[in-house]
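Notes follow once the structure below has been shown.
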Amino acid sequence: MSASIRSRVYVAAVSVYEPGVVEAAVRRGMEHVTPRIGKNLLLHSDWSGGEAEITPAASTRPELVSGALNVLLGSNRDRLAMLGGRGGLEIPARRALRRATGDGVFARQGFARLSRVFGARVRLQPGDEGRLYRYQLSVGALLSNEQRRDRARVLPPEERASQRVVAGWELYHADTFVLLPKLRYSVELGGLSGAIALLGHSLQRPEDRDLGGDRIRHHRLADLLEIGDPDLVVSDGIEVGWGGGSVCQSGRPLGVVIVANNAVAHDAVACRLLGLDPEAMPHLVTASSRGYGPLQNDSIDLQSEVDFPETALRVRGYGAPPLQTPVHFRSWYQERTGFALGLEVLGGESSEVAGRARLLAWLMACWDHPDTRERMKDWPEISFMVGVNDEGPRYLRVALLGDRAIADFSRHCAAERTALAVPRRLRRLCGGITRVVHFRRRDGRSGLALAIPGAPPSLRDISVGLRLFSLGSIVSPLLRVEGAVSRLFYRLLAFFRRRRRNSRGIAVVHARKIERLSDRPWRRLWSSPARLQLREGVQVEALVAPENGEFS
């Protein structure tokens, strides 16, 4: 995108998942957006689903990607496309792309079918199998250790959290980068899961997503725009995920495809379509404050085939967004079912936003599926603790979610001892559980507490840990998505392929050397440090398609 071009967004009306209809809508949007399309295209799609029954509206549909590829590749035989992404819930990407929801020719193989439809012109690259680069960042001053530790301090949005980020090598060499997000409500982001959320999901390794703790998660999302600012965004809003957890919620018809040349502007427009306020979402405010894009309508060149107030009214008809905090989940559940669950949530201090959001996303996932919603009535009495709390737990079975809750728990006990310590090598298999604590309260009653570390712990760790702790009574639908045997097979496959492709180590490159980003407007806001010089010996490679169009 040239420095002289305004952020442009086009909202096309599309009611069905047919590649031809989607293709026509994308063409109309491209005429307005006029993105720069090069020879080597890199596309990242949302593969957060994996089971149509449980995650019906979590992934971008393959039909939309097929329609977009028809426009992008066209009749130019010199253009090649690499389609990448990662699976949600720590599901191996290769399995997720094969299981993504689709109809017609995409019903059985999902995204894997694209390599047959387009032949050697499209290569599928699971994000957890590829070659990696370590990107040196320079946009914004780096947050100091004092700023990170002081939880009472408001962090300046224009300062970055990451010195370097690890992501796929193809970002460095692509001529054009395209994001294909799925529009859905995100409990964890407090609103929209759109283009910037897809960057955080598809570029970051699972072990890096919560690196540094919950206080800087919005800064880390914004950091990724320095390497992943897209040339084009084509989002799937034909059906929108709404009303529940971040991945298991139901799909509702919205009937739009949004085409944009700026990720921040795209997300701002998508928020208003859904009746949400983009300026109330910290990750969008942080990204905009660094110059990555505008949030205000008067700074966006917008054309729309749909009426915004009418669309927002339709979304309100689908029901209010989920709870904003898990603390009230018990009363919320009782209002809708007439049944009082034996659970309580101690949510910690006001700064424990990420921990509470992660727990709420897990609880809402259990609510979303009818089977687990009913099984919640059979859960044992349990207290969930997040962060530092003034009050102790009511129940004798306690789940300590996160490092701060684990460290704070001893204050609420008269005595405690480790009843079971999980060996380090088995923790991954047991959902990250470190130990089970036998404790005695000050009133003399004793119970058991489960320690699940993290900042905050992942949805999978919470699911696995609580199922083991409850001896099978607490079951989350998230575990049904992954499939234990196939997950293990694909994880091993990804591990060996990633290890082979990075056998010489992970090279360090500078984000300022990414050629397609050299003329971005936000580059003018930040000076180029003299020390940021490309290291000698970094080899420049082109994106190439395999001979038969299959996975390499």
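Labels used: A, B, ... for chains in the order of the structure tokens, numbers from 1 for residues in each chain, and numbers from 1 for ligands as shown.
The environment of A:Phe439 within 10 Å, counting only C-alpha atoms and disregarding residues fewer than 4 places along the same chain, consists of Leu396, Arg397, Val398, Phe409, Ser410, His412, Cys413, Ala414, Ala415, Glu416, Arg417, Thr418, Ala419, Gly444, Arg445, Ser446, Gly447, Leu448 and Ala449 of chain A.
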As a PDB file with N, CA and C atoms, in the first residue's frame, please: all residues of stretch 282-470 of chain A that backbone DSSP puts in strand (DSSP E).
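Writing the result to part-v3.pdb gives the following:
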```pdb
ATOM      1  N   ILE A 300     -11.567   6.593   6.865  1.00  0.00           N
ATOM      2  CA  ILE A 300     -11.647   5.365   6.072  1.00  0.00           C
ATOM      3  C   ILE A 300     -12.492   5.624   4.831  1.00  0.00           C
ATOM      4  N   ASP A 301     -11.979   5.265   3.684  1.00  0.00           N
ATOM      5  CA  ASP A 301     -12.735   5.362   2.435  1.00  0.00           C
ATOM      6  C   ASP A 301     -13.596   4.097   2.332  1.00  0.00           C
ATOM      7  N   LEU A 302     -14.863   4.227   2.725  1.00  0.00           N
ATOM      8  CA  LEU A 302     -15.743   3.066   2.869  1.00  0.00           C
ATOM      9  C   LEU A 302     -16.849   3.077   1.822  1.00  0.00           C
ATOM     10  N   GLN A 303     -17.052   1.929   1.194  1.00  0.00           N
ATOM     11  CA  GLN A 303     -18.217   1.695   0.342  1.00  0.00           C
ATOM     12  C   GLN A 303     -18.887   0.420   0.815  1.00  0.00           C
ATOM     13  N   SER A 304     -20.218   0.444   0.869  1.00  0.00           N
ATOM     14  CA  SER A 304     -20.941  -0.702   1.403  1.00  0.00           C
ATOM     15  C   SER A 304     -22.194  -0.994   0.594  1.00  0.00           C
ATOM     16  N   LEU A 343     -20.672 -23.891  41.555  1.00  0.00           N
ATOM     17  CA  LEU A 343     -19.349 -23.346  41.238  1.00  0.00           C
ATOM     18  C   LEU A 343     -19.303 -21.879  41.612  1.00  0.00           C
ATOM     19  N   GLU A 344     -18.109 -21.419  41.871  1.00  0.00           N
ATOM     20  CA  GLU A 344     -17.884 -19.993  42.078  1.00  0.00           C
ATOM     21  C   GLU A 344     -16.606 -19.598  41.349  1.00  0.00           C
ATOM     22  N   VAL A 345     -16.532 -18.338  40.975  1.00  0.00           N
ATOM     23  CA  VAL A 345     -15.356 -17.811  40.307  1.00  0.00           C
ATOM     24  C   VAL A 345     -14.842 -16.621  41.098  1.00  0.00           C
ATOM     25  N   LEU A 346     -13.611 -16.717  41.563  1.00  0.00           N
ATOM     26  CA  LEU A 346     -12.924 -15.600  42.207  1.00  0.00           C
ATOM     27  C   LEU A 346     -11.982 -15.014  41.170  1.00  0.00           C
ATOM     28  N   ILE A 382     -17.087 -26.700  42.914  1.00  0.00           N
ATOM     29  CA  ILE A 382     -15.694 -26.310  42.647  1.00  0.00           C
ATOM     30  C   ILE A 382     -15.565 -24.793  42.637  1.00  0.00           C
ATOM     31  N   SER A 383     -14.422 -24.323  43.101  1.00  0.00           N
ATOM     32  CA  SER A 383     -14.088 -22.893  43.066  1.00  0.00           C
ATOM     33  C   SER A 383     -12.975 -22.672  42.050  1.00  0.00           C
ATOM     34  N   PHE A 384     -13.175 -21.732  41.139  1.00  0.00           N
ATOM     35  CA  PHE A 384     -12.141 -21.324  40.191  1.00  0.00           C
ATOM     36  C   PHE A 384     -11.494 -20.051  40.719  1.00  0.00           C
ATOM     37  N   MET A 385     -10.173 -20.055  40.792  1.00  0.00           N
ATOM     38  CA  MET A 385      -9.464 -18.873  41.292  1.00  0.00           C
ATOM     39  C   MET A 385      -8.514 -18.355  40.223  1.00  0.00           C
ATOM     40  N   VAL A 386      -8.630 -17.051  39.943  1.00  0.00           N
ATOM     41  CA  VAL A 386      -7.773 -16.369  38.973  1.00  0.00           C
ATOM     42  C   VAL A 386      -7.100 -15.210  39.683  1.00  0.00           C
ATOM     43  N   ARG A 397     -13.060 -28.149  46.632  1.00  0.00           N
ATOM     44  CA  ARG A 397     -12.330 -28.507  45.416  1.00  0.00           C
ATOM     45  C   ARG A 397     -12.048 -27.202  44.687  1.00  0.00           C
ATOM     46  N   VAL A 398     -10.758 -26.948  44.402  1.00  0.00           N
ATOM     47  CA  VAL A 398     -10.347 -25.641  43.894  1.00  0.00           C
ATOM     48  C   VAL A 398      -9.477 -25.822  42.655  1.00  0.00           C
ATOM     49  N   ALA A 399      -9.724 -24.995  41.643  1.00  0.00           N
ATOM     50  CA  ALA A 399      -8.873 -24.952  40.445  1.00  0.00           C
ATOM     51  C   ALA A 399      -8.131 -23.624  40.436  1.00  0.00           C
ATOM     52  N   LEU A 400      -6.807 -23.691  40.569  1.00  0.00           N
ATOM     53  CA  LEU A 400      -5.958 -22.498  40.558  1.00  0.00           C
ATOM     54  C   LEU A 400      -5.485 -22.281  39.122  1.00  0.00           C
ATOM     55  N   LEU A 401      -6.003 -21.251  38.479  1.00  0.00           N
ATOM     56  CA  LEU A 401      -5.740 -21.016  37.061  1.00  0.00           C
ATOM     57  C   LEU A 401      -4.751 -19.875  36.895  1.00  0.00           C
ATOM     58  N   ALA A 415      -3.027 -24.598  56.344  1.00  0.00           N
ATOM     59  CA  ALA A 415      -1.917 -25.499  56.053  1.00  0.00           C
ATOM     60  C   ALA A 415      -2.117 -26.081  54.662  1.00  0.00           C
ATOM     61  N   GLU A 416      -1.003 -26.426  54.016  1.00  0.00           N
ATOM     62  CA  GLU A 416      -1.090 -27.053  52.699  1.00  0.00           C
ATOM     63  C   GLU A 416       0.145 -27.929  52.484  1.00  0.00           C
ATOM     64  N   ARG A 417      -0.041 -28.957  51.688  1.00  0.00           N
ATOM     65  CA  ARG A 417       1.078 -29.809  51.302  1.00  0.00           C
ATOM     66  C   ARG A 417       0.783 -30.386  49.922  1.00  0.00           C
ATOM     67  N   THR A 418       1.828 -30.757  49.225  1.00  0.00           N
ATOM     68  CA  THR A 418       1.664 -31.316  47.893  1.00  0.00           C
ATOM     69  C   THR A 418       1.240 -32.772  47.992  1.00  0.00           C
ATOM     70  N   ALA A 419       0.039 -33.064  47.503  1.00  0.00           N
ATOM     71  CA  ALA A 419      -0.468 -34.436  47.510  1.00  0.00           C
ATOM     72  C   ALA A 419       0.033 -35.220  46.303  1.00  0.00           C
ATOM     73  N   LEU A 420       0.243 -34.524  45.181  1.00  0.00           N
ATOM     74  CA  LEU A 420       0.715 -35.181  43.972  1.00  0.00           C
ATOM     75  C   LEU A 420       1.507 -34.180  43.152  1.00  0.00           C
ATOM     76  N   ALA A 421       2.749 -34.508  42.849  1.00  0.00           N
ATOM     77  CA  ALA A 421       3.585 -33.673  41.985  1.00  0.00           C
ATOM     78  C   ALA A 421       3.717 -34.373  40.638  1.00  0.00           C
ATOM     79  N   ARG A 435       0.889 -29.791  40.011  1.00  0.00           N
ATOM     80  CA  ARG A 435       0.702 -30.525  41.256  1.00  0.00           C
ATOM     81  C   ARG A 435      -0.744 -30.438  41.707  1.00  0.00           C
ATOM     82  N   VAL A 436      -1.090 -31.329  42.608  1.00  0.00           N
ATOM     83  CA  VAL A 436      -2.362 -31.283  43.323  1.00  0.00           C
ATOM     84  C   VAL A 436      -2.030 -31.042  44.797  1.00  0.00           C
ATOM     85  N   VAL A 437      -2.674 -30.040  45.382  1.00  0.00           N
ATOM     86  CA  VAL A 437      -2.367 -29.612  46.750  1.00  0.00           C
ATOM     87  C   VAL A 437      -3.477 -30.049  47.694  1.00  0.00           C
ATOM     88  N   HIS A 438      -3.099 -30.662  48.807  1.00  0.00           N
ATOM     89  CA  HIS A 438      -4.047 -30.934  49.888  1.00  0.00           C
ATOM     90  C   HIS A 438      -3.962 -29.766  50.866  1.00  0.00           C
ATOM     91  N   PHE A 439      -5.100 -29.118  51.131  1.00  0.00           N
ATOM     92  CA  PHE A 439      -5.076 -27.921  51.983  1.00  0.00           C
ATOM     93  C   PHE A 439      -6.102 -28.048  53.108  1.00  0.00           C
ATOM     94  N   ARG A 440      -5.853 -27.276  54.164  1.00  0.00           N
ATOM     95  CA  ARG A 440      -6.809 -27.176  55.268  1.00  0.00           C
ATOM     96  C   ARG A 440      -7.163 -25.712  55.468  1.00  0.00           C
ATOM     97  N   SER A 446     -10.880 -29.562  55.060  1.00  0.00           N
ATOM     98  CA  SER A 446      -9.762 -29.762  54.146  1.00  0.00           C
ATOM     99  C   SER A 446     -10.276 -30.138  52.766  1.00  0.00           C
ATOM    100  N   GLY A 447      -9.443 -29.876  51.759  1.00  0.00           N
ATOM    101  CA  GLY A 447      -9.831 -30.155  50.383  1.00  0.00           C
ATOM    102  C   GLY A 447      -8.618 -30.285  49.487  1.00  0.00           C
ATOM    103  N   LEU A 448      -8.864 -30.315  48.170  1.00  0.00           N
ATOM    104  CA  LEU A 448      -7.813 -30.470  47.177  1.00  0.00           C
ATOM    105  C   LEU A 448      -7.844 -29.306  46.202  1.00  0.00           C
ATOM    106  N   ALA A 449      -6.676 -28.857  45.809  1.00  0.00           N
ATOM    107  CA  ALA A 449      -6.559 -27.768  44.843  1.00  0.00           C
ATOM    108  C   ALA A 449      -5.672 -28.211  43.684  1.00  0.00           C
ATOM    109  N   LEU A 450      -6.086 -27.877  42.473  1.00  0.00           N
ATOM    110  CA  LEU A 450      -5.349 -28.218  41.257  1.00  0.00           C
ATOM    111  C   LEU A 450      -4.599 -26.994  40.762  1.00  0.00           C
ATOM    112  N   ALA A 451      -3.314 -27.125  40.497  1.00  0.00           N
ATOM    113  CA  ALA A 451      -2.494 -26.006  40.020  1.00  0.00           C
ATOM    114  C   ALA A 451      -2.253 -26.150  38.523  1.00  0.00           C
ATOM    115  N   ILE A 452      -2.801 -25.206  37.732  1.00  0.00           N
ATOM    116  CA  ILE A 452      -2.578 -25.170  36.292  1.00  0.00           C
ATOM    117  C   ILE A 452      -1.846 -23.869  35.981  1.00  0.00           C
TER     118      ILE A 452
END
```
Might you pull out every residue within 12 Å of A:Arg427, with only C-alpha atoms counted and same-chain residues fewer than 2 positions away left off, and present them as a list in words?
->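 So, after excluding close chain neighbours, the residues are Ala421, Val422, Pro423, Arg424, Arg425, Leu429, Cys430, Gly431, Gly432, Ile433, Thr434, Arg435, Ala451, Ile452, Pro453, Asp461, Val464 and Gly465 of chain A.
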Do a neighbour search on A:Arg61 at 10 Å with only C-alpha atoms, toss out local chain neighbours closer than 6 positions, and write the hits as a ChimeraX atom specification.
-> /A:17,45-47,100-103,106,110-111,180-182,235-239
Determine, for each residue of stretch 65-139 of chain A having at least one atom at most 12 Å from an atom of stretch 194-208 of chain A, the closest pair of atoms and their separation in Å to one decimal, counting only C-alpha atoms; order by chain and ascending number, as CSV.
```
residue,atom,partner,partner_atom,distance
A:Leu83,CA,A:Ser202,CA,11.2
A:Gly84,CA,A:Ser202,CA,7.8
A:Gly85,CA,A:Ser202,CA,5.0
A:Arg86,CA,A:Ser202,CA,5.1
A:Gly87,CA,A:Ser202,CA,8.1
A:Gly88,CA,A:His201,CA,7.7
A:Leu89,CA,A:Pro206,CA,8.9
A:Glu90,CA,A:Pro206,CA,6.8
A:Ile91,CA,A:Pro206,CA,10.0
A:Pro92,CA,A:Pro206,CA,10.6
A:Ala93,CA,A:Ser202,CA,9.7
A:Gln125,CA,A:Ser202,CA,11.5
A:Pro126,CA,A:Ser202,CA,9.6
A:Gly127,CA,A:Ser202,CA,7.0
A:Asp128,CA,A:Arg205,CA,7.5
A:Glu129,CA,A:Arg205,CA,10.8
A:Gly130,CA,A:Leu203,CA,11.2
A:Leu132,CA,A:Leu203,CA,10.3
A:Tyr133,CA,A:Leu203,CA,11.2
A:Arg134,CA,A:Gln204,CA,11.4
A:Tyr135,CA,A:Leu203,CA,11.6
```
Selected residues, C-alpha atoms, written as a PDB file, in the first residue's frame, please.
```pdb
ATOM      1  CA  LEU A  83      -1.709 -20.713   1.826  1.00  0.00           C
ATOM      2  CA  GLY A  84      -0.697 -20.909   5.474  1.00  0.00           C
ATOM      3  CA  GLY A  85      -2.329 -20.984   8.883  1.00  0.00           C
ATOM      4  CA  ARG A  86      -2.428 -22.732  12.220  1.00  0.00           C
ATOM      5  CA  GLY A  87      -5.001 -24.835  14.010  1.00  0.00           C
ATOM      6  CA  GLY A  88      -6.792 -23.527  17.066  1.00  0.00           C
ATOM      7  CA  LEU A  89      -6.754 -25.154  20.516  1.00  0.00           C
ATOM      8  CA  GLU A  90      -3.207 -26.391  19.763  1.00  0.00           C
ATOM      9  CA  ILE A  91      -4.598 -28.716  17.088  1.00  0.00           C
ATOM     10  CA  PRO A  92      -1.916 -29.554  14.492  1.00  0.00           C
ATOM     11  CA  ALA A  93      -2.401 -27.305  11.473  1.00  0.00           C
ATOM     12  CA  GLN A 125       1.942 -24.728   4.189  1.00  0.00           C
ATOM     13  CA  PRO A 126       0.813 -25.672   7.722  1.00  0.00           C
ATOM     14  CA  GLY A 127       2.243 -23.041  10.043  1.00  0.00           C
ATOM     15  CA  ASP A 128       3.606 -25.519  12.566  1.00  0.00           C
ATOM     16  CA  GLU A 129       5.686 -27.382   9.953  1.00  0.00           C
ATOM     17  CA  GLY A 130       7.452 -24.538   8.187  1.00  0.00           C
ATOM     18  CA  LEU A 132      11.155 -20.018  10.746  1.00  0.00           C
ATOM     19  CA  TYR A 133      12.892 -16.663  10.916  1.00  0.00           C
ATOM     20  CA  ARG A 134      13.512 -14.553  14.005  1.00  0.00           C
ATOM     21  CA  TYR A 135      12.398 -11.025  13.120  1.00  0.00           C
TER      22      TYR A 135
END
```
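Proximity to A:Tyr292 at 10 Å, evaluated using only C-alpha atoms and with sequence-adjacent residues fewer than 4 positions away removed, yields Ala222, Leu225, Glu226, Asp229, Asn262, Ala263, Val264, Ala265, Leu284, Thr286, Ala287, Ser288, Arg520, Pro521, Trp522 and Arg523 of chain A.
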Restrict the selected residues to N, CA and C atoms and save them as a PDB file, in the first residue's frame.
```pdb
ATOM      1  N   ALA A 222      -0.231  -6.097  18.487  1.00  0.00           N
ATOM      2  CA  ALA A 222       0.123  -4.950  17.644  1.00  0.00           C
ATOM      3  C   ALA A 222       1.543  -5.080  17.101  1.00  0.00           C
ATOM      4  N   LEU A 225       2.083  -6.544  13.549  1.00  0.00           N
ATOM      5  CA  LEU A 225       1.794  -5.783  12.334  1.00  0.00           C
ATOM      6  C   LEU A 225       3.071  -5.261  11.679  1.00  0.00           C
ATOM      7  N   GLU A 226       4.163  -5.176  12.428  1.00  0.00           N
ATOM      8  CA  GLU A 226       5.401  -4.715  11.808  1.00  0.00           C
ATOM      9  C   GLU A 226       5.934  -5.714  10.786  1.00  0.00           C
ATOM     10  N   ASP A 229       1.699  -6.636   8.441  1.00  0.00           N
ATOM     11  CA  ASP A 229       0.722  -5.677   7.931  1.00  0.00           C
ATOM     12  C   ASP A 229       0.284  -6.128   6.540  1.00  0.00           C
ATOM     13  N   ASN A 262      -6.297  -2.486   4.668  1.00  0.00           N
ATOM     14  CA  ASN A 262      -5.695  -2.167   5.958  1.00  0.00           C
ATOM     15  C   ASN A 262      -6.383  -2.992   7.040  1.00  0.00           C
ATOM     16  N   ALA A 263      -5.594  -3.644   7.880  1.00  0.00           N
ATOM     17  CA  ALA A 263      -6.144  -4.554   8.884  1.00  0.00           C
ATOM     18  C   ALA A 263      -6.908  -3.807   9.975  1.00  0.00           C
ATOM     19  N   VAL A 264      -6.379  -2.676  10.437  1.00  0.00           N
ATOM     20  CA  VAL A 264      -7.038  -1.932  11.513  1.00  0.00           C
ATOM     21  C   VAL A 264      -8.363  -1.356  11.023  1.00  0.00           C
ATOM     22  N   ALA A 265      -8.354  -0.753   9.833  1.00  0.00           N
ATOM     23  CA  ALA A 265      -9.588  -0.211   9.270  1.00  0.00           C
ATOM     24  C   ALA A 265     -10.611  -1.314   9.042  1.00  0.00           C
ATOM     25  N   LEU A 284      -7.047  -3.024  19.188  1.00  0.00           N
ATOM     26  CA  LEU A 284      -7.245  -2.112  18.055  1.00  0.00           C
ATOM     27  C   LEU A 284      -6.727  -0.716  18.381  1.00  0.00           C
ATOM     28  N   THR A 286      -4.340   0.001  20.474  1.00  0.00           N
ATOM     29  CA  THR A 286      -2.880  -0.082  20.501  1.00  0.00           C
ATOM     30  C   THR A 286      -2.305  -0.063  19.087  1.00  0.00           C
ATOM     31  N   ALA A 287      -2.896  -0.844  18.178  1.00  0.00           N
ATOM     32  CA  ALA A 287      -2.406  -0.883  16.797  1.00  0.00           C
ATOM     33  C   ALA A 287      -2.586   0.466  16.113  1.00  0.00           C
ATOM     34  N   SER A 288      -3.715   1.114  16.338  1.00  0.00           N
ATOM     35  CA  SER A 288      -3.967   2.403  15.695  1.00  0.00           C
ATOM     36  C   SER A 288      -3.033   3.487  16.216  1.00  0.00           C
ATOM     37  N   ARG A 520       5.324   1.684   3.681  1.00  0.00           N
ATOM     38  CA  ARG A 520       4.142   1.837   4.522  1.00  0.00           C
ATOM     39  C   ARG A 520       4.141   3.201   5.217  1.00  0.00           C
ATOM     40  N   PRO A 521       2.964   3.814   5.380  1.00  0.00           N
ATOM     41  CA  PRO A 521       2.906   5.119   6.056  1.00  0.00           C
ATOM     42  C   PRO A 521       3.459   5.097   7.476  1.00  0.00           C
ATOM     43  N   TRP A 522       3.251   3.998   8.211  1.00  0.00           N
ATOM     44  CA  TRP A 522       3.721   3.958   9.592  1.00  0.00           C
ATOM     45  C   TRP A 522       5.233   3.901   9.686  1.00  0.00           C
ATOM     46  N   ARG A 523       5.923   3.554   8.596  1.00  0.00           N
ATOM     47  CA  ARG A 523       7.388   3.573   8.622  1.00  0.00           C
ATOM     48  C   ARG A 523       7.917   4.993   8.836  1.00  0.00           C
TER      49      ARG A 523
END
```
Please measure the separation of atom CA of A:Cys271 and atom CA of A:Tyr10, giving the value in Å to one decimal.
->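 Distance reported for this atom pair: 14.1 Å.
Atom CA of A:Pro35 is found 28.1 Å from atom CA of A:Pro309.
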Using only C-alpha atoms, pick whichever of A:Val11, A:Ala141, A:Gln296, A:Ala361 has the shortest atom-to-atom distance to A:Ala270.
-> A:Val11
